[in-house]
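Undergrad: So here's model-v1.txt (compact mmCIF, C-alpha atoms).
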# COMPACT_ATOMS: atom_id res chain seq x y z
CA MET A 1140 -1.64 42.34 -66.07
CA ASP A 1141 -2.09 45.76 -64.50
CA VAL A 1142 -0.96 46.11 -60.90
CA LEU A 1143 -2.31 49.08 -58.94
CA TYR A 1144 -1.17 50.56 -55.65
CA PHE A 1145 -3.08 52.88 -53.35
CA ALA A 1146 -2.41 55.07 -50.30
CA TRP A 1147 0.91 54.34 -48.52
CA VAL A 1148 1.55 51.30 -50.71
CA ARG A 1149 1.56 53.65 -53.72
CA GLU A 1150 3.84 56.07 -51.90
CA ARG A 1151 6.27 53.39 -50.76
CA ILE A 1152 6.57 51.85 -54.22
CA GLY A 1153 6.57 55.25 -55.89
CA LEU A 1154 3.99 54.69 -58.60
CA PRO A 1155 0.22 54.27 -58.84
CA ARG A 1156 0.14 51.48 -61.43
CA GLU A 1157 2.29 49.40 -63.72
CA THR A 1158 1.97 46.59 -66.19
CA VAL A 1159 3.62 43.39 -64.99
CA GLN A 1160 4.53 40.35 -67.08
CA THR A 1161 4.26 37.40 -64.75
CA GLN A 1162 3.80 33.65 -64.61
CA ALA A 1163 2.53 33.88 -61.04
CA THR A 1164 -0.49 31.66 -60.46
CA THR A 1165 -1.68 33.24 -57.20
CA VAL A 1166 -1.60 36.67 -55.62
CA ALA A 1167 0.94 35.35 -53.09
CA ASP A 1168 3.25 34.27 -55.95
CA LEU A 1169 2.94 37.72 -57.51
CA VAL A 1170 3.78 39.32 -54.15
CA ALA A 1171 6.89 37.10 -53.89
CA GLU A 1172 7.99 38.20 -57.37
CA LEU A 1173 7.43 41.88 -56.62
CA ARG A 1174 9.18 41.64 -53.25
CA ALA A 1175 12.29 40.20 -54.90
CA ARG A 1176 12.54 43.13 -57.33
CA GLU A 1177 13.77 46.04 -55.21
CA ASP A 1178 13.89 47.30 -51.66
CA ARG A 1179 10.92 49.62 -52.14
CA TYR A 1180 8.73 46.63 -53.09
CA ALA A 1181 10.12 44.58 -50.22
CA ALA A 1182 9.27 47.48 -47.89
CA ALA A 1183 5.73 47.82 -49.23
CA PHE A 1184 5.02 44.09 -48.95
CA GLU A 1185 6.87 43.52 -45.69
CA ASP A 1186 3.77 42.78 -43.61
CA LEU A 1187 0.92 41.23 -45.57
CA SER A 1188 -1.39 41.45 -42.55
CA ALA A 1189 -1.28 45.24 -43.09
CA LEU A 1190 -2.40 44.87 -46.71
CA ARG A 1191 -5.56 44.09 -48.61
CA VAL A 1192 -5.87 42.89 -52.19
CA ALA A 1193 -8.50 43.21 -54.90
CA VAL A 1194 -8.50 41.08 -58.04
CA ASP A 1195 -10.41 42.55 -60.97
CA GLN A 1196 -11.87 45.10 -58.55
CA GLU A 1197 -13.24 42.55 -56.06
CA LEU A 1198 -11.78 42.17 -52.58
CA THR A 1199 -10.16 38.78 -52.13
CA ASP A 1200 -7.26 37.17 -50.26
CA PHE A 1201 -3.65 36.39 -50.99
CA ASP A 1202 -4.20 32.80 -52.13
CA ALA A 1203 -6.59 33.91 -54.89
CA PRO A 1204 -5.71 32.49 -58.33
CA LEU A 1205 -4.57 34.82 -61.11
CA ALA A 1206 -5.66 32.85 -64.21
CA GLY A 1207 -7.41 35.23 -66.61
CA VAL A 1208 -7.04 38.17 -64.25
CA ARG A 1209 -6.51 41.64 -65.74
CA GLU A 1210 -6.08 43.84 -62.70
CA VAL A 1211 -4.64 43.33 -59.21
CA ALA A 1212 -4.64 46.12 -56.63
CA PHE A 1213 -2.77 46.33 -53.31
CA PHE A 1214 -3.70 48.76 -50.56
CA PRO A 1215 -3.95 49.20 -46.79
CA PRO A 1216 -7.19 48.47 -44.91
CA MET A 1217 -9.81 50.93 -46.09
CA THR A 1218 -10.82 54.01 -44.11
CA GLY A 1219 -13.95 55.37 -45.75
CA GLY A 1220 -17.00 56.89 -44.18
CA MET B 81 -30.81 53.20 -55.44
CA ARG B 82 -28.41 56.01 -56.19
CA ILE B 83 -24.64 55.88 -55.63
CA VAL B 84 -22.58 59.00 -56.18
CA VAL B 85 -18.79 59.27 -55.91
CA GLN B 86 -17.56 62.81 -56.53
CA ASP B 87 -15.00 65.40 -55.48
CA ALA B 88 -17.49 68.28 -55.45
CA PRO B 89 -19.45 69.22 -52.32
CA PHE B 90 -23.07 68.09 -52.10
CA ASP B 91 -26.10 69.82 -50.62
CA PHE B 92 -27.16 67.59 -47.75
CA GLY B 93 -30.48 69.39 -47.21
CA ALA B 94 -31.48 69.22 -50.85
CA GLU B 95 -30.39 65.59 -51.14
CA ALA B 96 -32.30 64.58 -48.01
CA ALA B 97 -35.42 66.48 -49.08
CA GLY B 98 -35.28 65.04 -52.59
CA PHE B 99 -34.79 61.53 -51.23
CA ALA B 100 -37.74 61.81 -48.83
CA ALA B 101 -40.13 63.51 -51.26
CA GLY B 102 -43.13 61.74 -52.73
CA ARG B 103 -42.94 58.49 -50.79
CA HIS B 104 -46.36 57.25 -49.74
CA ASP B 105 -45.47 53.69 -48.81
CA MET B 106 -42.33 54.44 -46.78
CA GLY B 107 -42.99 55.53 -43.19
CA ALA B 108 -39.34 56.14 -42.32
CA VAL B 109 -36.42 57.95 -43.89
CA VAL B 110 -33.09 57.91 -42.04
CA THR B 111 -30.14 60.05 -43.08
CA PHE B 112 -26.56 60.22 -41.86
CA THR B 113 -23.83 62.69 -42.81
CA GLY B 114 -20.15 62.29 -42.07
CA ILE B 115 -18.20 65.50 -41.45
CA VAL B 116 -14.44 66.12 -41.42
CA ARG B 117 -13.65 66.42 -37.71
CA ASP B 118 -10.83 68.64 -36.51
CA ARG B 119 -8.44 67.30 -33.89
CA PRO B 120 -9.23 68.12 -30.27
CA GLY B 121 -7.74 71.60 -29.86
CA GLY B 122 -7.53 72.10 -33.62
CA GLY B 123 -4.61 71.67 -35.97
CA LEU B 124 -6.09 69.62 -38.79
CA GLN B 125 -5.56 71.59 -42.00
CA ALA B 126 -7.21 69.20 -44.39
CA MET B 127 -8.00 65.63 -45.18
CA GLU B 128 -7.17 64.05 -48.52
CA ILE B 129 -9.36 61.13 -49.57
CA GLU B 130 -8.01 58.74 -52.16
CA HIS B 131 -10.18 56.10 -53.82
CA TYR B 132 -10.02 53.34 -56.40
CA PRO B 133 -11.96 54.57 -59.43
CA GLY B 134 -13.73 51.63 -61.02
CA MET B 135 -13.95 49.57 -57.86
CA THR B 136 -15.46 52.25 -55.64
CA GLN B 137 -18.78 52.50 -57.44
CA LYS B 138 -19.07 48.73 -57.70
CA ALA B 139 -18.25 48.11 -54.04
CA LEU B 140 -20.77 50.72 -52.88
CA GLU B 141 -23.43 49.21 -55.15
CA GLN B 142 -22.83 45.72 -53.72
CA ILE B 143 -23.09 46.97 -50.14
CA THR B 144 -26.23 48.97 -50.92
CA VAL B 145 -27.98 46.15 -52.77
CA GLU B 146 -27.27 43.91 -49.78
CA ALA B 147 -28.86 46.48 -47.45
CA ILE B 148 -31.90 46.95 -49.70
CA ASP B 149 -32.51 43.21 -49.85
CA ARG B 150 -31.93 42.54 -46.18
CA TRP B 151 -34.16 45.31 -44.80
CA SER B 152 -36.64 45.45 -47.71
CA LEU B 153 -35.83 49.10 -48.28
CA GLY B 154 -37.88 51.18 -50.67
CA ASP B 155 -34.74 53.05 -51.67
CA ALA B 156 -31.21 53.95 -50.59
CA LEU B 157 -28.77 56.75 -51.38
CA VAL B 158 -25.01 56.88 -50.85
CA ILE B 159 -22.86 59.92 -51.64
CA HIS B 160 -19.12 59.80 -50.91
CA ARG B 161 -16.58 62.47 -51.76
CA PHE B 162 -12.89 62.18 -52.52
CA GLY B 163 -10.05 64.70 -52.84
CA ARG B 164 -9.09 67.47 -50.42
CA LEU B 165 -11.57 68.39 -47.69
CA GLU B 166 -11.27 70.81 -44.80
CA PRO B 167 -12.62 70.46 -41.24
CA GLY B 168 -16.37 71.00 -41.19
CA GLU B 169 -16.91 69.81 -44.75
CA GLN B 170 -19.28 66.96 -45.44
CA ILE B 171 -17.48 63.80 -46.55
CA MET B 172 -20.39 61.52 -47.22
CA MET B 173 -24.04 60.78 -46.59
CA VAL B 174 -26.37 57.82 -46.62
CA ALA B 175 -30.14 57.79 -46.72
CA THR B 176 -32.48 54.85 -46.36
CA ALA B 177 -36.24 54.58 -46.81
CA ALA B 178 -38.29 51.76 -45.30
CA PRO B 179 -41.89 51.22 -44.21
CA HIS B 180 -40.78 51.26 -40.54
CA ARG B 181 -38.04 53.15 -38.72
CA LYS B 182 -36.22 50.15 -37.23
CA ASP B 183 -35.35 48.84 -40.67
CA ALA B 184 -34.36 52.29 -41.93
CA PHE B 185 -32.06 52.87 -38.92
CA GLU B 186 -30.48 49.42 -39.04
CA ALA B 187 -29.90 49.57 -42.78
CA ALA B 188 -28.25 53.00 -42.45
CA GLU B 189 -25.93 51.68 -39.73
CA TYR B 190 -25.12 48.64 -41.81
CA LEU B 191 -24.27 50.85 -44.79
CA MET B 192 -22.01 53.01 -42.61
CA ASP B 193 -20.24 50.03 -41.04
CA TYR B 194 -19.62 48.37 -44.37
CA LEU B 195 -18.57 51.37 -46.36
CA LYS B 196 -16.04 52.27 -43.66
CA SER B 197 -14.18 48.99 -44.06
CA ARG B 198 -15.18 47.56 -47.43
CA ALA B 199 -15.33 50.48 -49.85
CA PRO B 200 -11.93 51.47 -51.29
CA PHE B 201 -11.33 54.87 -49.71
CA TRP B 202 -8.24 55.96 -47.79
CA LYS B 203 -7.90 59.08 -45.68
CA LYS B 204 -4.75 61.13 -45.17
CA GLU B 205 -4.72 63.89 -42.58
CA TYR B 206 -2.59 67.01 -42.99
CA CYS B 207 -1.34 68.82 -39.87
CA ALA B 208 1.44 71.42 -40.08
CA GLU B 209 2.06 70.45 -43.73
CA THR B 210 2.72 66.84 -42.73
CA GLY B 211 0.48 64.11 -44.11
CA THR B 212 -0.36 60.99 -42.11
CA TRP B 213 -2.45 58.09 -43.38
CA VAL B 214 -5.37 57.33 -41.11
CA ALA B 215 -5.05 53.77 -39.81
CA ALA B 216 -8.06 51.47 -39.91
CA LYS B 217 -9.40 50.76 -36.43
CA ASP B 218 -9.89 47.25 -35.11
CA GLU B 219 -13.27 48.34 -33.80
CA ASP B 220 -14.39 49.22 -37.36
CA GLU B 221 -13.61 45.68 -38.50
CA ALA B 222 -15.21 44.28 -35.35
CA ALA B 223 -18.35 46.32 -36.08
CA LEU B 224 -19.01 44.10 -39.11
CA THR B 225 -19.41 40.99 -37.00
CA ARG B 226 -22.69 42.22 -35.51
CA TRP B 227 -24.30 41.93 -38.95
Mind turning this structure into structure tokens?

TA:
Amino acid sequence: MDVLYFAWVRERIGLPRETVQTQATTVADLVAELRAREDRYAAAFEDLSALRVAVDQELTDFDAPLAGVREVAFFPPMTGG
Amino acid sequence: MRIVVQDAPFDFGAEAAGFAAGRHDMGAVVTFTGIVRDRPGGGLQAMEIEHYPGMTQKALEQITVEAIDRWSLGDALVIHRFGRLEPGEQIMMVATAAPHRKDAFEAAEYLMDYLKSRAPFWKKEYCAETGTWVAAKDEDEAALTRW
């Protein structure tokens, strides 16, 4: 699936998007996999309360299932307007 | 309903006039424009707005449809810019049309509250060549509870 990063999450990880092969069944599982990869991922996902997640471009939460999902995005709380 | 997400500036006067024109059944049109505000005493060089292409349009549509249904609006308009903006530039606008002003005002406030915290935009402020991400405010999230 495609994993996208925005704002300081993108900066901390160092890329805007990547394709990830994963068996993770929930967003939280995917986060655990990413965290274990490298320090920059661990740093980006250090505090989940500071992050929001969208699955297939819909806001959701970290226990959302990933079956059939094509796109997951991680970002800080939004600051539009 | 019209939702526009663009990097180019927009003409607030022309948009507002166009939105209000030719409505015979709507007694109230409310508009709001957000402007890049300099820091007290100055110092803000620019603001960079990042967004999530694909999701942005969809999220704004969902919020706007909700407002149209809830306040029985005749129409609604949302324009939101992204990219680099300087102090004094217009970031975004909303317009609502309803038979009565209370609904038009409330719907415009609802749109503003929701697109601040639920539409995928992120602001970064540049001062003295240093960029700082704008943190979301607790009061913005709290503002949603009144709806």

Undergrad: What residues in chain B lie within 7 Å of chain A, counting only C-alpha atoms, written as a list of chain:residue names?

TA: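 Filtering chain B at 7 Å from chain A with only C-alpha atoms gives B:Gly114, B:Glu130, B:Met135, B:Met172, B:Met192, B:Leu195, B:Lys196, B:Ser197, B:Arg198, B:Ala199, B:Pro200, B:Phe201, B:Trp202, B:Lys203, B:Ala216.
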
Undergrad: Between CA of Ala184 (chain B) and CA of Gly168 (chain B), what is the distance in Å, rounded to a tenth?

TA: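 Answer for the CA of Ala184 (chain B) to CA of Gly168 (chain B) separation: 26.0 Å.
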
Undergrad: For region 90-106 of chain B, work out the shell of residues within 12 Å, counting all atoms listed in the file and skipping chain neighbours fewer than 3 positions away, then give it as a VMD selection string.

TA: chain B and resid 81 to 82 84 to 87 109 to 115 152 to 162 169 to 181 183 to 184

Undergrad: Distance CA of Asp1186 (chain A)-CA of Lys138 (chain B), one decimal place?

TA: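 Distance reported for this atom pair: 27.5 Å.
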
Undergrad: Taking all atoms listed in the file into account, which of B:Val145, B:Ala139, B:Leu165, B:Ala188 comes nearest Val116 (chain B)?

TA: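 Among B:Val145, B:Ala139, B:Leu165, B:Ala188, it is B:Leu165 that comes nearest to Val116 (chain B).
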